[in-house]
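Peer 1: Handing you this structure, nothing more for now.
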Amino acid sequence: MKSLPTIDDVRAAAARIAPHAHRTPVLTSASLDEIAGAALFFKCESFQRCGAFKFRGACNAVMSLSDEVAARGVATHSSGNHAAALALAARIRGIPAHVVMPANAKAVKKAAVAAYGADITFCEPTLAARESTLASVVAATGASVVHPYNDARVIAGQGTAALELLDAVSGLDAIVTPVGGGGLLSGTAVTVAALAPLVRVVAGEPAGADDARRSLAAGTIVPSVDPVTIADGLLTSLGDLTFAIISRHVEGIVAVSEDEIIHAMRLIWERLKIIVEPSSAVALAAALAGGTAGARRVGVVLSGGNVDLETLPWSRPFST
């Protein structure tokens with residue numbers, strides 16, 4: 001296993017991405033505080049470039065490359081947010097981006113990746129297909145792989161969101177994030193463990209894709225097999241780097257139902273007046289389900305806002 005990122009890596013990432021990434025706002029809602037029974041501080045990565053926290057890690061990885069390596073381009077596999085983030089970071093640096101996407105990725109995410117100028121190769125919606133297709137693309141292009149989450153540069157970049165949150169809000173008792181592959185959660189954990197070790201780090205995960213929760217309980221990586229959830233950004237298994245960090249520094253992972261995810265998503269839309277995708281809402285759902293019980297001041301990382309507005313989970317046909 002490669003070396004794990006440190007707080008120094010997170011700080012270096014913050015300086016590296018500062019000219020390109022947004023410092024996203026922290027929002028509050030008295031009505032959500034009342035519902036949760038705690039003061040909630042929402043770190044709104046839905047306002048990040050590309051509409052998700054993923055730009056932080058992708059930007060850090062791309063800007064870390066030497067000129068010689070960067071000239072050959074970068075490549076990845078992703079269902080959408082990381083793909084768009086890597087494509088934009090590569091465009092900023094002026095290098096090619098090659099992206100492998102599952103054919104069933106959300107239309108809004110396919111469109112975003114294409115708009116940022118990436119060369120897209122579609123594949124079957126399985127991890128094996130994504131990895132084999134990516135290997136073929138890399139063999140043909142010589143591009144450097146930037147993994148969506150199991151990459152120390154990416155993890156360090158994602159940790160900059162927590163760095164900003166800790167700087168903006170004092171006295172937090174807990175921070176909760178969603179978890180899929182674990183890049184955001186592990187970056188958060190590295191940052192919090194170094195700078196605020198008394199702050200609890202907790203994650204939310206869909207019950208229909210709860211491999212991270214089961215991995216933490218088992219003490220070994222349990223692969224994600226046939227996950228079923230509306231939170232399409234949380235379908236992947238943990239990597240060896242993210243699992244190692246999560247095992248050391250994360251207090252627990254809370255599995256939430258599809259109804260709880262949809263309810264939390266709607267609450268955020270209605271009370272905060274912002275757009276978030278289902279994967280983002282998993283963090284609030286976990287807090288409401290008791291994942292941060294006993295905490296009076298809770299940071300909630302809203303991971304992204306890339307939603308297909310044609311398929312909102314509470315939509316019903318209008319009648320006249």
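In the structure tokens, chains take letters A, B, ... by order of appearance, with residues numbered from 1 within each chain and ligands from 1 in the order shown.
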Using only C-alpha atoms, which residues sit within 9 Å of region 278-286 of chain A once same-chain residues fewer than 4 positions away are excluded, as an mmCIF file with N, CA and C atoms, in the first residue's frame?

Peer 2:
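Dumped everything to around.cif:
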data_model
loop_
_atom_site.group_PDB
_atom_site.id
_atom_site.type_symbol
_atom_site.label_atom_id
_atom_site.label_comp_id
_atom_site.auth_asym_id
_atom_site.auth_seq_id
_atom_site.Cartn_x
_atom_site.Cartn_y
_atom_site.Cartn_z
ATOM 1 N N GLU A 45 -20.615 21.963 -0.748
ATOM 2 C CA GLU A 45 -19.785 21.636 -1.908
ATOM 3 C C GLU A 45 -20.605 21.580 -3.197
ATOM 4 N N SER A 46 -21.906 21.708 -3.078
ATOM 5 C CA SER A 46 -22.739 21.865 -4.274
ATOM 6 C C SER A 46 -22.396 23.158 -5.007
ATOM 7 N N VAL A 176 -20.063 15.069 9.740
ATOM 8 C CA VAL A 176 -20.618 13.909 9.038
ATOM 9 C C VAL A 176 -20.545 14.142 7.543
ATOM 10 N N THR A 177 -20.124 13.116 6.797
ATOM 11 C CA THR A 177 -20.051 13.160 5.347
ATOM 12 C C THR A 177 -20.725 11.908 4.784
ATOM 13 N N PRO A 178 -21.062 11.915 3.507
ATOM 14 C CA PRO A 178 -21.449 10.656 2.863
ATOM 15 C C PRO A 178 -20.199 9.817 2.607
ATOM 16 N N VAL A 179 -20.381 8.519 2.344
ATOM 17 C CA VAL A 179 -19.247 7.679 1.957
ATOM 18 C C VAL A 179 -19.651 6.741 0.834
ATOM 19 N N GLY A 180 -18.810 6.724 -0.187
ATOM 20 C CA GLY A 180 -18.919 5.769 -1.278
ATOM 21 C C GLY A 180 -17.582 5.053 -1.353
ATOM 22 N N VAL A 202 -18.073 11.003 11.403
ATOM 23 C CA VAL A 202 -19.104 9.986 11.162
ATOM 24 C C VAL A 202 -19.492 10.053 9.690
ATOM 25 N N ALA A 203 -19.954 8.954 9.149
ATOM 26 C CA ALA A 203 -20.399 8.945 7.754
ATOM 27 C C ALA A 203 -21.788 8.356 7.630
ATOM 28 N N GLY A 204 -22.467 8.745 6.558
ATOM 29 C CA GLY A 204 -23.739 8.151 6.185
ATOM 30 C C GLY A 204 -23.564 7.355 4.910
ATOM 31 N N GLU A 205 -24.330 6.285 4.791
ATOM 32 C CA GLU A 205 -24.230 5.409 3.628
ATOM 33 C C GLU A 205 -25.600 4.809 3.342
ATOM 34 N N PRO A 206 -25.978 4.663 2.080
ATOM 35 C CA PRO A 206 -27.263 4.038 1.784
ATOM 36 C C PRO A 206 -27.315 2.592 2.275
ATOM 37 N N ILE A 230 -30.741 5.260 -4.731
ATOM 38 C CA ILE A 230 -30.911 6.492 -5.485
ATOM 39 C C ILE A 230 -29.653 7.344 -5.437
ATOM 40 N N ALA A 231 -28.792 7.110 -4.450
ATOM 41 C CA ALA A 231 -27.556 7.883 -4.285
ATOM 42 C C ALA A 231 -26.479 7.300 -5.187
ATOM 43 N N ASP A 232 -26.531 7.650 -6.465
ATOM 44 C CA ASP A 232 -25.690 7.002 -7.468
ATOM 45 C C ASP A 232 -24.211 7.335 -7.333
ATOM 46 N N GLY A 233 -23.862 8.341 -6.550
ATOM 47 C CA GLY A 233 -22.458 8.661 -6.340
ATOM 48 C C GLY A 233 -21.808 7.825 -5.259
ATOM 49 N N LEU A 234 -22.562 6.908 -4.639
ATOM 50 C CA LEU A 234 -22.053 6.150 -3.496
ATOM 51 C C LEU A 234 -22.088 4.646 -3.748
ATOM 52 N N ILE A 253 -20.225 4.424 10.805
ATOM 53 C CA ILE A 253 -20.935 4.651 9.548
ATOM 54 C C ILE A 253 -22.381 4.225 9.744
ATOM 55 N N VAL A 254 -23.301 5.126 9.411
ATOM 56 C CA VAL A 254 -24.726 4.900 9.625
ATOM 57 C C VAL A 254 -25.397 4.591 8.287
ATOM 58 N N ALA A 255 -26.081 3.461 8.222
ATOM 59 C CA ALA A 255 -26.832 3.108 7.018
ATOM 60 C C ALA A 255 -28.214 3.740 7.078
ATOM 61 N N VAL A 256 -28.616 4.395 5.992
ATOM 62 C CA VAL A 256 -29.917 5.064 5.947
ATOM 63 C C VAL A 256 -30.729 4.526 4.771
ATOM 64 N N SER A 257 -32.045 4.525 4.942
ATOM 65 C CA SER A 257 -32.947 3.978 3.928
ATOM 66 C C SER A 257 -33.139 4.964 2.780
ATOM 67 N N GLU A 260 -35.336 7.751 3.901
ATOM 68 C CA GLU A 260 -34.613 8.738 4.714
ATOM 69 C C GLU A 260 -33.759 9.648 3.845
ATOM 70 N N ILE A 261 -33.161 9.104 2.794
ATOM 71 C CA ILE A 261 -32.350 9.916 1.883
ATOM 72 C C ILE A 261 -33.232 10.939 1.165
ATOM 73 N N ILE A 262 -34.351 10.482 0.639
ATOM 74 C CA ILE A 262 -35.255 11.379 -0.093
ATOM 75 C C ILE A 262 -35.815 12.451 0.837
ATOM 76 N N HIS A 263 -36.160 12.052 2.051
ATOM 77 C CA HIS A 263 -36.676 13.021 3.024
ATOM 78 C C HIS A 263 -35.619 14.087 3.331
ATOM 79 N N ALA A 264 -34.395 13.665 3.553
ATOM 80 C CA ALA A 264 -33.325 14.620 3.852
ATOM 81 C C ALA A 264 -33.052 15.524 2.663
ATOM 82 N N MET A 265 -33.078 14.961 1.477
ATOM 83 C CA MET A 265 -32.863 15.761 0.264
ATOM 84 C C MET A 265 -33.928 16.843 0.137
ATOM 85 N N ARG A 266 -35.162 16.456 0.367
ATOM 86 C CA ARG A 266 -36.245 17.431 0.266
ATOM 87 C C ARG A 266 -36.139 18.501 1.358
ATOM 88 N N LEU A 267 -35.756 18.111 2.545
ATOM 89 C CA LEU A 267 -35.566 19.089 3.610
ATOM 90 C C LEU A 267 -34.526 20.141 3.220
ATOM 91 N N ILE A 268 -33.425 19.688 2.635
ATOM 92 C CA ILE A 268 -32.375 20.622 2.238
ATOM 93 C C ILE A 268 -32.882 21.563 1.160
ATOM 94 N N GLY A 290 -29.529 9.669 13.989
ATOM 95 C CA GLY A 290 -28.835 9.454 15.253
ATOM 96 C C GLY A 290 -27.355 9.215 15.152
ATOM 97 N N GLY A 291 -26.801 9.391 13.966
ATOM 98 C CA GLY A 291 -25.376 9.139 13.781
ATOM 99 C C GLY A 291 -24.471 10.075 14.554
ATOM 100 N N THR A 292 -24.986 11.267 14.877
ATOM 101 C CA THR A 292 -24.189 12.230 15.646
ATOM 102 C C THR A 292 -24.840 12.512 16.997
ATOM 103 N N VAL A 300 -21.951 19.336 8.539
ATOM 104 C CA VAL A 300 -22.522 18.401 7.565
ATOM 105 C C VAL A 300 -21.975 18.763 6.192
ATOM 106 N N VAL A 301 -21.204 17.871 5.599
ATOM 107 C CA VAL A 301 -20.624 18.146 4.283
ATOM 108 C C VAL A 301 -21.607 17.695 3.210
ATOM 109 N N LEU A 302 -22.126 18.670 2.469
ATOM 110 C CA LEU A 302 -23.024 18.393 1.346
ATOM 111 C C LEU A 302 -22.153 18.235 0.108
ATOM 112 N N SER A 303 -22.057 17.013 -0.391
ATOM 113 C CA SER A 303 -20.994 16.669 -1.337
ATOM 114 C C SER A 303 -21.185 17.208 -2.739
ATOM 115 N N GLY A 304 -22.435 17.419 -3.182
ATOM 116 C CA GLY A 304 -22.610 17.902 -4.547
ATOM 117 C C GLY A 304 -24.057 18.203 -4.885
ATOM 118 N N GLY A 305 -24.241 18.838 -6.020
ATOM 119 C CA GLY A 305 -25.577 19.268 -6.414
ATOM 120 C C GLY A 305 -25.928 18.979 -7.860
ATOM 121 N N VAL A 307 -27.966 17.249 -10.159
ATOM 122 C CA VAL A 307 -29.228 16.515 -10.148
ATOM 123 C C VAL A 307 -29.852 16.503 -11.532
ATOM 124 N N PRO A 313 -36.922 12.671 -7.145
ATOM 125 C CA PRO A 313 -37.550 11.505 -6.501
ATOM 126 C C PRO A 313 -38.944 11.756 -5.957
#

Peer 1: Within 9 Å of Arg153 (chain A), counting only C-alpha atoms, which residues qualify if same-chain residues fewer than 2 places away don't, as a PyMOL selection string?

Peer 2: chain A and resi 5+9-10+13+57-58+60-62+64+146+150-151+155-158

Peer 1: Quick one: residues within 12 Å of region 107-115 of chain A, only C-alpha atoms, excluding same-chain residues fewer than 3 positions away - as a ChimeraX atom specification?

Peer 2: /A:49-52,76-91,97-104,118-122,232-233,277,304-311

Peer 1: Write out as a PyMOL selection string all residues of region 172-259 of chain A that DSSP puts in strand (DSSP E or B) for this structure's backbone.

Peer 2: chain A and resi 174-178+200-206+252-256

Peer 1: So that I can see what lies close to Thr242 (chain A), please list as a list in words the residues with an atom at most 7 Å from it, counting only C-alpha atoms and leaving out residues fewer than 5 positions away in the same chain.

Peer 2: Asn150, Gly182, Gly183 and Ser186 of chain A

Peer 1: Residues as selected, N, CA and C atoms, written as a short mmCIF file (atom, residue, chain, number, x, y, z; two decimals), in the first residue's frame, can you do that?

Peer 2:
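To be explicit, this is the file written out as out.cif:
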data_model
loop_
_atom_site.label_atom_id
_atom_site.label_comp_id
_atom_site.auth_asym_id
_atom_site.auth_seq_id
_atom_site.Cartn_x
_atom_site.Cartn_y
_atom_site.Cartn_z
N ASN A 150 -9.07 6.41 -4.43
CA ASN A 150 -7.96 5.69 -3.80
C ASN A 150 -6.61 6.20 -4.29
N GLY A 182 -14.89 6.59 -0.41
CA GLY A 182 -14.22 7.02 0.81
C GLY A 182 -13.24 8.16 0.68
N GLY A 183 -13.12 8.79 -0.49
CA GLY A 183 -12.18 9.88 -0.64
C GLY A 183 -12.51 11.08 0.23
N SER A 186 -12.26 10.00 4.06
CA SER A 186 -10.89 9.81 4.55
C SER A 186 -10.13 11.13 4.56
#

Peer 1: Using Å and a single decimal, report how far CA of Gly159 (chain A) sits from CA of Ser3 (chain A).

Peer 2: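 Distance between the two atoms: 15.9 Å.
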
Peer 1: Have a look at CA of Leu272 (chain A) and CA of Leu32 (chain A) and let me know their distance in Å, one decimal.

Peer 2: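 Interatomic distance here is 8.5 Å.
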
Peer 1: From the options A:Ala209, A:Ala15, A:Val154, A:Ala36, which residue's atoms come nearest to Asp226 (chain A), counting only C-alpha atoms?

Peer 2: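 Counting only C-alpha atoms, the residue closest to Asp226 (chain A) is A:Ala209.
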
Peer 1: Please report, as number ranges by chain, each residue of region 130-303 of chain A to which DSSP assigns helix (DSSP H, G or I) when run on this structure's backbone.

Peer 2: A: 130-141, 152-168, 183-195, 207-209, 211-218, 232-234, 240-249, 258-272, 278-291

Peer 1: Could you give me, as a PyMOL selection string, the residues within 8 Å of region 238-241 of chain A, counting only C-alpha atoms and dropping anything in the same chain fewer than 2 positions from it?

Peer 2: chain A and resi 1-2+4+149-152+180-182+211-212+221+223+236+243-245

Peer 1: Those residues you just picked out, can you put them in a file as a PDB file, in the first residue's frame with N, CA and C atoms?

Peer 2:
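File produced: out19.pdb:
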ATOM      1  N   MET A   1       0.842  -1.204   0.000  1.00  0.00           N
ATOM      2  CA  MET A   1       0.000   0.000   0.000  1.00  0.00           C
ATOM      3  C   MET A   1       0.874   1.250   0.000  1.00  0.00           C
ATOM      4  N   LYS A   2       0.481   2.233  -0.768  1.00  0.00           N
ATOM      5  CA  LYS A   2       1.208   3.491  -0.804  1.00  0.00           C
ATOM      6  C   LYS A   2       1.040   4.227   0.524  1.00  0.00           C
ATOM      7  N   LEU A   4       0.059   6.924   3.283  1.00  0.00           N
ATOM      8  CA  LEU A   4      -1.184   7.655   3.492  1.00  0.00           C
ATOM      9  C   LEU A   4      -0.920   9.154   3.510  1.00  0.00           C
ATOM     10  N   TYR A 149     -10.881   7.993  -5.946  1.00  0.00           N
ATOM     11  CA  TYR A 149     -10.787   8.164  -4.486  1.00  0.00           C
ATOM     12  C   TYR A 149      -9.559   7.513  -3.877  1.00  0.00           C
ATOM     13  N   ASN A 150      -9.070   6.413  -4.430  1.00  0.00           N
ATOM     14  CA  ASN A 150      -7.962   5.690  -3.797  1.00  0.00           C
ATOM     15  C   ASN A 150      -6.613   6.205  -4.286  1.00  0.00           C
ATOM     16  N   ASP A 151      -6.387   7.476  -4.062  1.00  0.00           N
ATOM     17  CA  ASP A 151      -5.192   8.185  -4.533  1.00  0.00           C
ATOM     18  C   ASP A 151      -4.869   9.227  -3.461  1.00  0.00           C
ATOM     19  N   ALA A 152      -3.650   9.212  -2.945  1.00  0.00           N
ATOM     20  CA  ALA A 152      -3.292  10.115  -1.848  1.00  0.00           C
ATOM     21  C   ALA A 152      -3.466  11.575  -2.229  1.00  0.00           C
ATOM     22  N   GLY A 180     -18.810   6.724  -0.187  1.00  0.00           N
ATOM     23  CA  GLY A 180     -18.919   5.769  -1.278  1.00  0.00           C
ATOM     24  C   GLY A 180     -17.582   5.053  -1.353  1.00  0.00           C
ATOM     25  N   GLY A 181     -16.675   5.580  -2.182  1.00  0.00           N
ATOM     26  CA  GLY A 181     -15.318   5.047  -2.220  1.00  0.00           C
ATOM     27  C   GLY A 181     -14.460   5.511  -1.059  1.00  0.00           C
ATOM     28  N   GLY A 182     -14.889   6.594  -0.406  1.00  0.00           N
ATOM     29  CA  GLY A 182     -14.222   7.017   0.809  1.00  0.00           C
ATOM     30  C   GLY A 182     -13.238   8.164   0.684  1.00  0.00           C
ATOM     31  N   ASP A 211     -21.542  -1.247   1.915  1.00  0.00           N
ATOM     32  CA  ASP A 211     -20.299  -2.014   2.001  1.00  0.00           C
ATOM     33  C   ASP A 211     -19.266  -1.358   2.912  1.00  0.00           C
ATOM     34  N   ALA A 212     -19.228  -0.012   2.970  1.00  0.00           N
ATOM     35  CA  ALA A 212     -18.262   0.652   3.851  1.00  0.00           C
ATOM     36  C   ALA A 212     -18.587   0.365   5.317  1.00  0.00           C
ATOM     37  N   ILE A 221     -11.896  -5.005   3.794  1.00  0.00           N
ATOM     38  CA  ILE A 221     -12.744  -4.436   2.749  1.00  0.00           C
ATOM     39  C   ILE A 221     -13.754  -5.474   2.266  1.00  0.00           C
ATOM     40  N   PRO A 223     -16.392  -5.918  -0.593  1.00  0.00           N
ATOM     41  CA  PRO A 223     -16.709  -5.280  -1.873  1.00  0.00           C
ATOM     42  C   PRO A 223     -18.180  -4.908  -2.006  1.00  0.00           C
ATOM     43  N   THR A 236     -19.517   2.713  -5.110  1.00  0.00           N
ATOM     44  CA  THR A 236     -18.237   2.027  -5.236  1.00  0.00           C
ATOM     45  C   THR A 236     -17.726   1.478  -3.909  1.00  0.00           C
ATOM     46  N   PHE A 243      -9.738   2.836   3.127  1.00  0.00           N
ATOM     47  CA  PHE A 243     -10.106   1.928   4.218  1.00  0.00           C
ATOM     48  C   PHE A 243      -9.153   2.065   5.395  1.00  0.00           C
ATOM     49  N   ALA A 244      -7.868   2.192   5.115  1.00  0.00           N
ATOM     50  CA  ALA A 244      -6.883   2.317   6.192  1.00  0.00           C
ATOM     51  C   ALA A 244      -7.144   3.566   7.028  1.00  0.00           C
ATOM     52  N   ILE A 245      -7.458   4.665   6.361  1.00  0.00           N
ATOM     53  CA  ILE A 245      -7.712   5.919   7.080  1.00  0.00           C
ATOM     54  C   ILE A 245      -9.025   5.845   7.854  1.00  0.00           C
TER      55      ILE A 245
END

Peer 1: Taking only C-alpha atoms into account, which of A:Ala105, A:Leu198, A:Ser237, A:Ala218 comes nearest Pro125 (chain A)?

Peer 2: A:Ala105

Peer 1: Pick from A:Arg200, A:Asp167, A:Cys123, A:Arg72: nearest to Ala140 (chain A), with only C-alpha atoms counted?

Peer 2: A:Arg72
